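Data from query07.pdb: PDB, C-alpha atoms
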```pdb
ATOM      1  CA  MET A   1       4.889  -7.291  11.236
ATOM      2  CA  LYS A   2       3.360 -10.639  11.932
ATOM      3  CA  GLU A   3       3.795 -11.919   8.394
ATOM      4  CA  LEU A   4       6.483 -11.411   5.775
ATOM      5  CA  ALA A   5       3.730 -10.875   3.200
ATOM      6  CA  LEU A   6       2.877  -7.600   4.967
ATOM      7  CA  HIS A   7       6.476  -6.476   4.541
ATOM      8  CA  ILE A   8       6.289  -7.398   0.846
ATOM      9  CA  LEU A   9       3.092  -5.373   0.467
ATOM     10  CA  ASP A  10       4.797  -2.423   2.103
ATOM     11  CA  ILE A  11       7.951  -2.577  -0.047
ATOM     12  CA  VAL A  12       5.941  -3.007  -3.263
ATOM     13  CA  GLN A  13       4.147   0.200  -2.347
ATOM     14  CA  ASN A  14       7.543   1.928  -2.627
ATOM     15  CA  SER A  15       7.939   0.500  -6.158
ATOM     16  CA  ILE A  16       4.499   1.764  -7.136
ATOM     17  CA  SER A  17       5.300   5.204  -5.690
ATOM     18  CA  ALA A  18       8.514   5.133  -7.748
ATOM     19  CA  ASP A  19       6.373   4.845 -10.924
ATOM     20  CA  ALA A  20       7.592   1.348 -11.788
ATOM     21  CA  SER A  21       5.992  -0.235 -14.860
ATOM     22  CA  LEU A  22       7.322  -3.695 -13.970
ATOM     23  CA  ILE A  23       7.661  -5.161 -10.484
ATOM     24  CA  ASN A  24       9.246  -8.544  -9.751
ATOM     25  CA  ILE A  25       8.564 -10.390  -6.531
ATOM     26  CA  ILE A  26      10.701 -13.473  -6.004
ATOM     27  CA  VAL A  27      10.368 -15.761  -2.985
ATOM     28  CA  HIS A  28      12.860 -18.610  -2.565
ATOM     29  CA  GLU A  29      12.460 -21.118   0.224
ATOM     30  CA  ASP A  30      15.228 -23.644   0.559
ATOM     31  CA  THR A  31      15.062 -26.161   3.395
ATOM     32  CA  VAL A  32      18.490 -27.630   2.484
ATOM     33  CA  ASP A  33      20.335 -24.302   2.738
ATOM     34  CA  ASP A  34      17.894 -23.278   5.490
ATOM     35  CA  ARG A  35      17.276 -19.990   3.761
ATOM     36  CA  LEU A  36      14.278 -17.866   2.858
ATOM     37  CA  GLU A  37      14.955 -15.104   0.396
ATOM     38  CA  ILE A  38      12.618 -12.335  -0.687
ATOM     39  CA  GLN A  39      13.543 -10.164  -3.629
ATOM     40  CA  ILE A  40      11.585  -7.156  -4.864
ATOM     41  CA  LYS A  41      12.875  -5.572  -8.025
ATOM     42  CA  ASP A  42      11.399  -2.706  -9.997
ATOM     43  CA  ASN A  43      12.173  -0.464 -12.952
ATOM     44  CA  GLY A  44      11.003   2.694 -11.209
ATOM     45  CA  LYS A  45      12.824   5.954 -10.823
ATOM     46  CA  GLY A  46      15.378   4.566  -8.362
ATOM     47  CA  MET A  47      17.201   6.453  -5.636
ATOM     48  CA  ALA A  48      20.115   8.851  -5.503
ATOM     49  CA  THR A  49      23.179   7.611  -3.611
ATOM     50  CA  ASP A  50      22.448   9.823  -0.572
ATOM     51  CA  LEU A  51      18.995   8.373  -0.079
ATOM     52  CA  LEU A  52      20.175   4.845  -0.832
ATOM     53  CA  ASN A  53      22.900   5.062   1.811
ATOM     54  CA  SER A  54      20.471   6.110   4.509
ATOM     55  CA  VAL A  55      17.473   4.022   3.522
ATOM     56  CA  LYS A  56      17.844   1.545   6.414
ATOM     57  CA  ASP A  57      17.657   4.460   8.844
ATOM     58  CA  PRO A  58      14.077   4.976  10.094
ATOM     59  CA  PHE A  59      14.621   8.708  10.152
ATOM     60  CA  THR A  60      14.857   8.703   6.361
ATOM     61  CA  THR A  61      11.697   9.055   4.332
ATOM     62  CA  THR A  62      10.635  10.536   1.023
ATOM     63  CA  ARG A  63       7.281  11.478   2.508
ATOM     64  CA  LYS A  64       6.545  15.090   3.133
ATOM     65  CA  THR A  65       3.892  14.444   5.778
ATOM     66  CA  ARG A  66       6.122  12.917   8.433
ATOM     67  CA  ARG A  67       9.758  12.644   9.337
ATOM     68  CA  VAL A  68      10.133   8.912   9.705
ATOM     69  CA  GLY A  69       9.672   5.918   7.393
ATOM     70  CA  LEU A  70       9.719   2.371   8.689
ATOM     71  CA  GLY A  71       9.119   0.078   5.702
ATOM     72  CA  ILE A  72      12.736  -0.841   4.957
ATOM     73  CA  PRO A  73      14.052  -0.410   8.549
ATOM     74  CA  LEU A  74      11.495  -2.896   9.915
ATOM     75  CA  LEU A  75      12.221  -5.473   7.210
ATOM     76  CA  ASN A  76      15.952  -4.983   7.783
ATOM     77  CA  GLN A  77      15.496  -5.537  11.515
ATOM     78  CA  ALA A  78      13.308  -8.616  10.950
ATOM     79  CA  ALA A  79      15.961 -10.147   8.668
ATOM     80  CA  GLN A  80      18.791  -9.404  11.098
ATOM     81  CA  GLU A  81      16.853 -10.929  13.988
ATOM     82  CA  CYS A  82      16.731 -14.173  11.965
ATOM     83  CA  ASP A  83      20.478 -14.363  11.156
ATOM     84  CA  GLY A  84      19.834 -12.742   7.777
ATOM     85  CA  SER A  85      20.301  -9.357   6.206
ATOM     86  CA  LEU A  86      18.902  -6.888   3.727
ATOM     87  CA  GLU A  87      20.672  -5.548   0.676
ATOM     88  CA  ILE A  88      19.396  -2.843  -1.568
ATOM     89  CA  LYS A  89      20.763  -1.602  -4.868
ATOM     90  CA  SER A  90      19.354   1.256  -6.841
ATOM     91  CA  VAL A  91      20.204   3.259  -9.917
ATOM     92  CA  GLU A  92      18.456   6.510 -10.635
ATOM     93  CA  GLU A  93      16.052   6.306 -13.569
ATOM     94  CA  CYS A  94      16.687   2.528 -13.789
ATOM     95  CA  GLY A  95      15.145   0.937 -10.747
ATOM     96  CA  THR A  96      15.646  -0.612  -7.348
ATOM     97  CA  ASP A  97      16.521  -4.163  -6.350
ATOM     98  CA  LEU A  98      15.974  -5.250  -2.740
ATOM     99  CA  ILE A  99      16.858  -8.638  -1.279
ATOM    100  CA  ALA A 100      16.074  -9.700   2.271
ATOM    101  CA  TRP A 101      17.008 -13.128   3.517
ATOM    102  CA  PHE A 102      16.262 -15.061   6.680
ATOM    103  CA  ARG A 103      17.342 -18.322   8.224
ATOM    104  CA  LEU A 104      14.277 -20.344   7.319
ATOM    105  CA  SER A 105      14.178 -22.336  10.568
ATOM    106  CA  HIS A 106      14.941 -19.400  12.894
ATOM    107  CA  ILE A 107      12.468 -19.375  15.785
ATOM    108  CA  ASP A 108      11.767 -15.651  15.346
ATOM    109  CA  ARG A 109      11.195 -15.930  11.601
ATOM    110  CA  MET A 110       7.629 -14.859  11.029
ATOM    111  CA  PRO A 111       5.526 -16.932   8.630
ATOM    112  CA  LEU A 112       5.484 -15.924   4.991
ATOM    113  CA  GLY A 113       1.742 -15.310   5.187
ATOM    114  CA  ASN A 114      -0.815 -15.442   2.436
ATOM    115  CA  MET A 115       0.987 -14.628  -0.820
ATOM    116  CA  ALA A 116      -2.029 -15.243  -3.071
ATOM    117  CA  GLU A 117      -3.994 -12.668  -1.094
ATOM    118  CA  THR A 118      -1.007 -10.296  -1.163
ATOM    119  CA  ILE A 119      -0.553 -10.499  -4.952
ATOM    120  CA  ALA A 120      -4.300  -9.950  -5.376
ATOM    121  CA  LEU A 121      -4.181  -6.900  -3.095
ATOM    122  CA  ILE A 122      -1.276  -5.425  -5.059
ATOM    123  CA  LEU A 123      -3.081  -5.928  -8.362
ATOM    124  CA  MET A 124      -6.260  -4.315  -7.033
ATOM    125  CA  ASN A 125      -4.269  -1.124  -6.560
ATOM    126  CA  ASP A 126      -4.069  -0.025 -10.100
ATOM    127  CA  ASN A 127      -3.540  -1.207 -13.573
ATOM    128  CA  ASP A 128      -0.620   0.639 -14.998
ATOM    129  CA  PHE A 129       2.177  -1.693 -13.939
ATOM    130  CA  ASP A 130       2.969  -5.322 -14.585
ATOM    131  CA  LEU A 131       3.834  -7.827 -11.916
ATOM    132  CA  GLN A 132       5.917 -10.969 -12.086
ATOM    133  CA  TYR A 133       5.808 -13.373  -9.191
ATOM    134  CA  GLU A 134       8.158 -16.282  -8.776
ATOM    135  CA  HIS A 135       7.948 -18.617  -5.813
ATOM    136  CA  CYS A 136      10.329 -21.530  -5.334
ATOM    137  CA  PHE A 137      10.160 -24.172  -2.644
ATOM    138  CA  ASN A 138      13.286 -26.318  -2.944
ATOM    139  CA  GLN A 139      13.197 -27.675  -6.512
ATOM    140  CA  ARG A 140       9.626 -26.628  -7.237
ATOM    141  CA  LYS A 141       8.761 -23.347  -8.816
ATOM    142  CA  LEU A 142       5.717 -21.355  -9.791
ATOM    143  CA  THR A 143       5.657 -18.269 -11.960
ATOM    144  CA  PHE A 144       2.946 -15.730 -12.524
ATOM    145  CA  ASN A 145       3.141 -12.843 -14.950
ATOM    146  CA  THR A 146       0.508 -10.222 -15.676
ATOM    147  CA  GLN A 147       2.184  -9.547 -19.050
ATOM    148  CA  GLU A 148       1.095 -13.017 -20.176
ATOM    149  CA  LEU A 149      -2.351 -12.546 -18.711
ATOM    150  CA  ARG A 150      -3.294  -9.230 -20.301
ATOM    151  CA  PRO A 151      -3.665 -10.429 -23.927
ATOM    152  CA  MET A 152      -6.044 -13.161 -22.748
ATOM    153  CA  LEU A 153      -8.184 -10.647 -20.884
ATOM    154  CA  GLU A 154      -8.659  -8.491 -23.973
ATOM    155  CA  ASP A 155     -10.725  -5.483 -22.841
ATOM    156  CA  VAL A 156     -11.354  -6.640 -19.276
ATOM    157  CA  PRO A 157      -9.188  -4.671 -16.833
ATOM    158  CA  LEU A 158      -6.761  -6.689 -14.736
ATOM    159  CA  ASN A 159      -8.199  -5.279 -11.529
ATOM    160  CA  HIS A 160     -11.758  -6.313 -12.345
ATOM    161  CA  PRO A 161     -13.102  -8.085  -9.225
ATOM    162  CA  ASP A 162     -13.737 -11.333 -11.132
ATOM    163  CA  VAL A 163     -10.204 -11.353 -12.535
ATOM    164  CA  ILE A 164      -8.728 -10.632  -9.104
ATOM    165  CA  ALA A 165     -10.789 -13.432  -7.552
ATOM    166  CA  TRP A 166      -9.630 -15.844 -10.249
ATOM    167  CA  ILE A 167      -5.966 -14.851  -9.845
ATOM    168  CA  LYS A 168      -6.180 -15.280  -6.082
ATOM    169  CA  GLN A 169      -7.742 -18.709  -6.336
ATOM    170  CA  SER A 170      -5.408 -20.090  -8.987
ATOM    171  CA  LEU A 171      -2.323 -18.711  -7.218
ATOM    172  CA  GLN A 172      -3.467 -20.291  -3.969
ATOM    173  CA  GLU A 173      -3.821 -23.665  -5.679
ATOM    174  CA  GLU A 174      -0.367 -23.373  -7.213
ATOM    175  CA  ILE A 175       1.200 -22.330  -3.910
ATOM    176  CA  ASP A 176      -0.468 -25.267  -2.138
ATOM    177  CA  GLU A 177       1.041 -27.579  -4.759
ATOM    178  CA  LEU A 178       4.511 -26.145  -4.103
ATOM    179  CA  TYR A 179       4.410 -27.343  -0.514
ATOM    180  CA  GLN A 180       2.928 -30.774  -1.159
ATOM    181  CA  GLN A 181       5.084 -33.767  -0.311
ATOM    182  CA  PRO A 182       6.309 -35.651  -3.369
ATOM    183  CA  ILE A 183       4.577 -38.961  -3.990
ATOM    184  CA  LYS A 184       6.961 -41.751  -3.133
ATOM    185  CA  GLY A 185       7.166 -45.027  -5.011
TER     186      GLY A 185
ATOM    187  CA  MET B   1       2.679  12.759  36.181
ATOM    188  CA  THR B   2       5.656  13.759  34.066
ATOM    189  CA  VAL B   3       8.564  11.533  33.048
ATOM    190  CA  GLU B   4      10.725  13.429  35.525
ATOM    191  CA  GLY B   5       8.855  11.733  38.377
ATOM    192  CA  LEU B   6      10.286   8.397  37.250
ATOM    193  CA  CYS B   7      13.861   9.506  37.803
ATOM    194  CA  GLN B   8      13.486   8.851  41.563
ATOM    195  CA  ASN B   9      12.356   5.276  40.865
ATOM    196  CA  ASN B  10      15.011   2.772  41.943
ATOM    197  CA  ASP B  11      13.968   0.258  39.307
ATOM    198  CA  LEU B  12      14.729   2.641  36.458
ATOM    199  CA  THR B  13      17.952   4.174  35.174
ATOM    200  CA  LEU B  14      17.736   7.106  32.794
ATOM    201  CA  ILE B  15      20.013   6.350  29.829
ATOM    202  CA  ALA B  16      19.178   9.150  27.413
ATOM    203  CA  GLY B  17      16.698  11.836  26.432
ATOM    204  CA  ALA B  18      16.924  13.975  29.583
ATOM    205  CA  ASN B  19      15.692  16.946  27.551
ATOM    206  CA  GLY B  20      12.264  15.279  27.314
ATOM    207  CA  LEU B  21      11.617  14.836  31.040
ATOM    208  CA  GLN B  22       8.713  17.280  31.064
ATOM    209  CA  ARG B  23       6.614  14.986  28.864
ATOM    210  CA  GLU B  24       3.355  13.794  30.427
ATOM    211  CA  ILE B  25       2.680  10.107  31.096
ATOM    212  CA  GLU B  26      -0.828   8.744  30.793
ATOM    213  CA  GLY B  27      -0.739   4.974  31.069
ATOM    214  CA  ILE B  28       1.523   2.117  30.072
ATOM    215  CA  TYR B  29       1.853   0.028  26.920
ATOM    216  CA  ILE B  30       3.882  -3.188  26.673
ATOM    217  CA  GLY B  31       4.935  -4.686  23.354
ATOM    218  CA  ASP B  32       7.893  -5.881  21.315
ATOM    219  CA  MET B  33       6.560  -6.116  17.775
ATOM    220  CA  LEU B  34       7.198  -2.622  16.498
ATOM    221  CA  SER B  35       4.606  -2.509  13.735
ATOM    222  CA  TRP B  36       2.003  -3.645  16.265
ATOM    223  CA  VAL B  37       3.022  -1.071  18.861
ATOM    224  CA  MET B  38       2.946   1.644  16.211
ATOM    225  CA  GLY B  39      -0.718   0.955  15.549
ATOM    226  CA  ARG B  40      -1.876   0.195  19.089
ATOM    227  CA  ALA B  41      -0.006   2.316  21.629
ATOM    228  CA  GLN B  42      -1.799   5.499  22.680
ATOM    229  CA  GLU B  43      -0.180   8.879  22.834
ATOM    230  CA  LYS B  44       1.512   9.836  26.113
ATOM    231  CA  GLN B  45       1.891   6.214  27.173
ATOM    232  CA  LEU B  46       5.047   4.888  28.776
ATOM    233  CA  TRP B  47       6.251   2.052  26.539
ATOM    234  CA  ILE B  48       7.898  -1.040  27.996
ATOM    235  CA  THR B  49       9.838  -3.239  25.563
ATOM    236  CA  ILE B  50      12.881  -5.484  25.154
ATOM    237  CA  GLN B  51      13.586  -4.017  21.712
ATOM    238  CA  THR B  52      16.552  -1.667  21.493
ATOM    239  CA  ASN B  53      16.987  -1.119  17.762
ATOM    240  CA  LEU B  54      17.051   2.471  16.518
ATOM    241  CA  ASN B  55      13.593   1.792  15.089
ATOM    242  CA  ILE B  56      12.036   2.074  18.584
ATOM    243  CA  LEU B  57      12.603   5.840  18.469
ATOM    244  CA  ALA B  58      10.847   6.168  15.131
ATOM    245  CA  VAL B  59       7.919   4.210  16.592
ATOM    246  CA  ALA B  60       7.910   6.372  19.738
ATOM    247  CA  LEU B  61       7.793   9.512  17.601
ATOM    248  CA  MET B  62       5.025   8.247  15.370
ATOM    249  CA  ALA B  63       2.860   6.990  18.240
ATOM    250  CA  ASP B  64       3.680  10.057  20.358
ATOM    251  CA  ILE B  65       4.853   7.901  23.235
ATOM    252  CA  SER B  66       6.108   9.786  26.318
ATOM    253  CA  CYS B  67       9.111   7.598  27.142
ATOM    254  CA  ILE B  68      10.608   4.161  26.532
ATOM    255  CA  VAL B  69      11.703   1.661  29.175
ATOM    256  CA  VAL B  70      13.987  -1.155  28.019
ATOM    257  CA  VAL B  71      13.545  -4.049  30.444
ATOM    258  CA  GLU B  72      15.540  -7.158  31.376
ATOM    259  CA  ASP B  73      18.735  -5.120  30.965
ATOM    260  CA  ALA B  74      18.723  -5.609  27.202
ATOM    261  CA  ASP B  75      21.784  -3.980  25.635
ATOM    262  CA  ILE B  76      21.053  -0.606  24.095
ATOM    263  CA  PRO B  77      23.170   0.259  21.033
ATOM    264  CA  HIS B  78      25.023   3.539  21.002
ATOM    265  CA  GLU B  79      23.093   4.850  17.983
ATOM    266  CA  THR B  80      19.787   4.371  19.837
ATOM    267  CA  ILE B  81      21.100   6.331  22.833
ATOM    268  CA  LYS B  82      22.346   9.122  20.577
ATOM    269  CA  LYS B  83      19.040   9.371  18.720
ATOM    270  CA  ALA B  84      17.037   9.425  21.976
ATOM    271  CA  ASN B  85      19.131  12.422  23.037
ATOM    272  CA  ASP B  86      18.700  14.103  19.630
ATOM    273  CA  GLU B  87      14.927  13.601  19.677
ATOM    274  CA  GLY B  88      14.424  14.299  23.381
ATOM    275  CA  ILE B  89      12.674  11.006  24.052
ATOM    276  CA  PRO B  90      13.529   9.750  27.552
ATOM    277  CA  LEU B  91      14.981   6.248  27.461
ATOM    278  CA  PHE B  92      15.222   4.203  30.643
ATOM    279  CA  GLN B  93      16.688   0.809  31.419
ATOM    280  CA  SER B  94      15.483  -1.668  34.035
ATOM    281  CA  SER B  95      16.578  -5.104  35.192
ATOM    282  CA  LEU B  96      12.965  -6.146  35.879
ATOM    283  CA  THR B  97      10.753  -8.023  33.439
ATOM    284  CA  ALA B  98       7.948  -6.102  31.716
ATOM    285  CA  TYR B  99       5.427  -7.784  34.009
ATOM    286  CA  GLU B 100       7.310  -7.002  37.224
ATOM    287  CA  LEU B 101       7.888  -3.412  36.182
ATOM    288  CA  ALA B 102       4.274  -2.825  35.165
ATOM    289  CA  ILE B 103       3.099  -4.037  38.584
ATOM    290  CA  LYS B 104       5.574  -1.808  40.383
ATOM    291  CA  LEU B 105       4.710   1.243  38.315
ATOM    292  CA  THR B 106       1.013   0.675  38.890
ATOM    293  CA  GLY B 107       1.717   0.553  42.639
ATOM    294  CA  ALA B 108       3.723   3.769  42.292
ATOM    295  CA  ASP B 109       0.733   5.565  40.739
ATOM    296  CA  VAL B 110       2.163   6.212  37.302
ATOM    297  CA  LEU B 111      -1.203   5.369  35.778
TER     298      LEU B 111
END
```
Reformat the file's structure so that it appears as structure tokens.
Amino acid sequence: MKELALHILDIVQNSISADASLINIIVHEDTVDDRLEIQIKDNGKGMATDLLNSVKDPFTTTRKTRRVGLGIPLLNQAAQECDGSLEIKSVEECGTDLIAWFRLSHIDRMPLGNMAETIALILMNDNDFDLQYEHCFNQRKLTFNTQELRPMLEDVPLNHPDVIAWIKQSLQEEIDELYQQPIKG
Amino acid sequence: MTVEGLCQNNDLTLIAGANGLQREIEGIYIGDMLSWVMGRAQEKQLWITIQTNLNILAVALMADISCIVVVEDADIPHETIKKANDEGIPLFQSSLTAYELAIKLTGADVL
């Protein structure tokens, strides 16, 4: 995929299919360690050991409609091509925790892509799960949590178009701030 | 033509998937980004790539590609060769670049 955000969207879809009520997306960019780490953690139904052991194999899928699944295999390949790797832990009835990391400066490392748009797209899906997003760039950090947002919205659903538009815009502003050069002096 | 017709081609070496030689070829697709190929390649196309990961076979199955040609002599892992045999997807290797091979195949009337 041309952007890592598309991989994130794909993996989060697995969490939603696993009936997660809380999904964590954590992006860490560290220019000193030259490392980009993406973690997606959920409290869904998890995987049995057999499935977990074969999940990087494209010929493994939980879908009934076709024999192959490429979400995790493609992310695994992308990470390996950038001197990184993918690790996945899962406990049945507890959840799944996936970490993919890349060498940040690797020439083949695709751009992260538009995370504000991606979070908005995920939230448009449905309303019956919460999402926490953490994004660090070196020492700077932003956090977003739908659990904090819901009480403020009162009766307005989280996936109301106006709410989504507001989330997207404010996340974009916060992400832009993450990357801004510190003011010297 | 069928994939079998390619076996006489001096630029190509059949590595695996001989049980799929009767598959029809209708055109050529070139690409290395698997998710892109999955959405863009047409069924029955011959696919030229430098990718050799096991994932290429999953893509070939999903896009209903007739055969895969790995160019520039990229190393093909054992597990990819084994899976190509299991799935009956012919897998060739060539020392040419994708561009050079595409020109030669066009001249040889594969299209």
- Note on the structure: Residue with the minimum atom-to-atom distance to Ile48 in chain B, picked from B:Tyr29, B:Ser35, B:His78, B:Ala60 with all atoms listed in the file counted, is B:Tyr29
- What is the distance between CA of Ile23 in chain A and CA of Asn43 in chain A, in Å to one decimal?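 Calculated distance between CA of Ile23 in chain A and CA of Asn43 in chain A is 7.0 Å.
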Could you give me, as a Markdown table, a per-residue list for chain B showing, wherever an atom lies at most 9 Å from an atom of chain A, the closest pair of atoms and their distance in Å to one decimal, using all atoms listed in the file and sorting by chain then residue number from low to high?
```
| residue | atom | partner | partner_atom | distance |
| --- | --- | --- | --- | --- |
| B:Met33 | CA | A:Met1 | CA | 6.9 |
| B:Leu34 | CA | A:Met1 | CA | 7.4 |
| B:Ser35 | CA | A:Met1 | CA | 5.4 |
| B:Trp36 | CA | A:Met1 | CA | 6.8 |
| B:Asn53 | CA | A:Gln77 | CA | 7.8 |
| B:Leu54 | CA | A:Pro58 | CA | 7.5 |
| B:Asn55 | CA | A:Pro58 | CA | 5.9 |
| B:Leu57 | CA | A:Pro58 | CA | 8.5 |
| B:Ala58 | CA | A:Pro58 | CA | 6.1 |
| B:Val59 | CA | A:Leu70 | CA | 8.3 |
| B:Leu61 | CA | A:Val68 | CA | 8.3 |
| B:Met62 | CA | A:Val68 | CA | 7.7 |
```
- Query: Could you work out how far CA of Ala120 in chain A lies from CA of Ile11 in chain A, giving the answer in Å with one decimal?
  - Reply: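 Distance between the two atoms: 15.3 Å.
Ranking B:Met1, B:Ile76, B:Leu12, B:Leu105 by their shortest atom-to-atom distance to Thr52 in chain B, with all atoms listed in the file included, puts B:Ile76 first.
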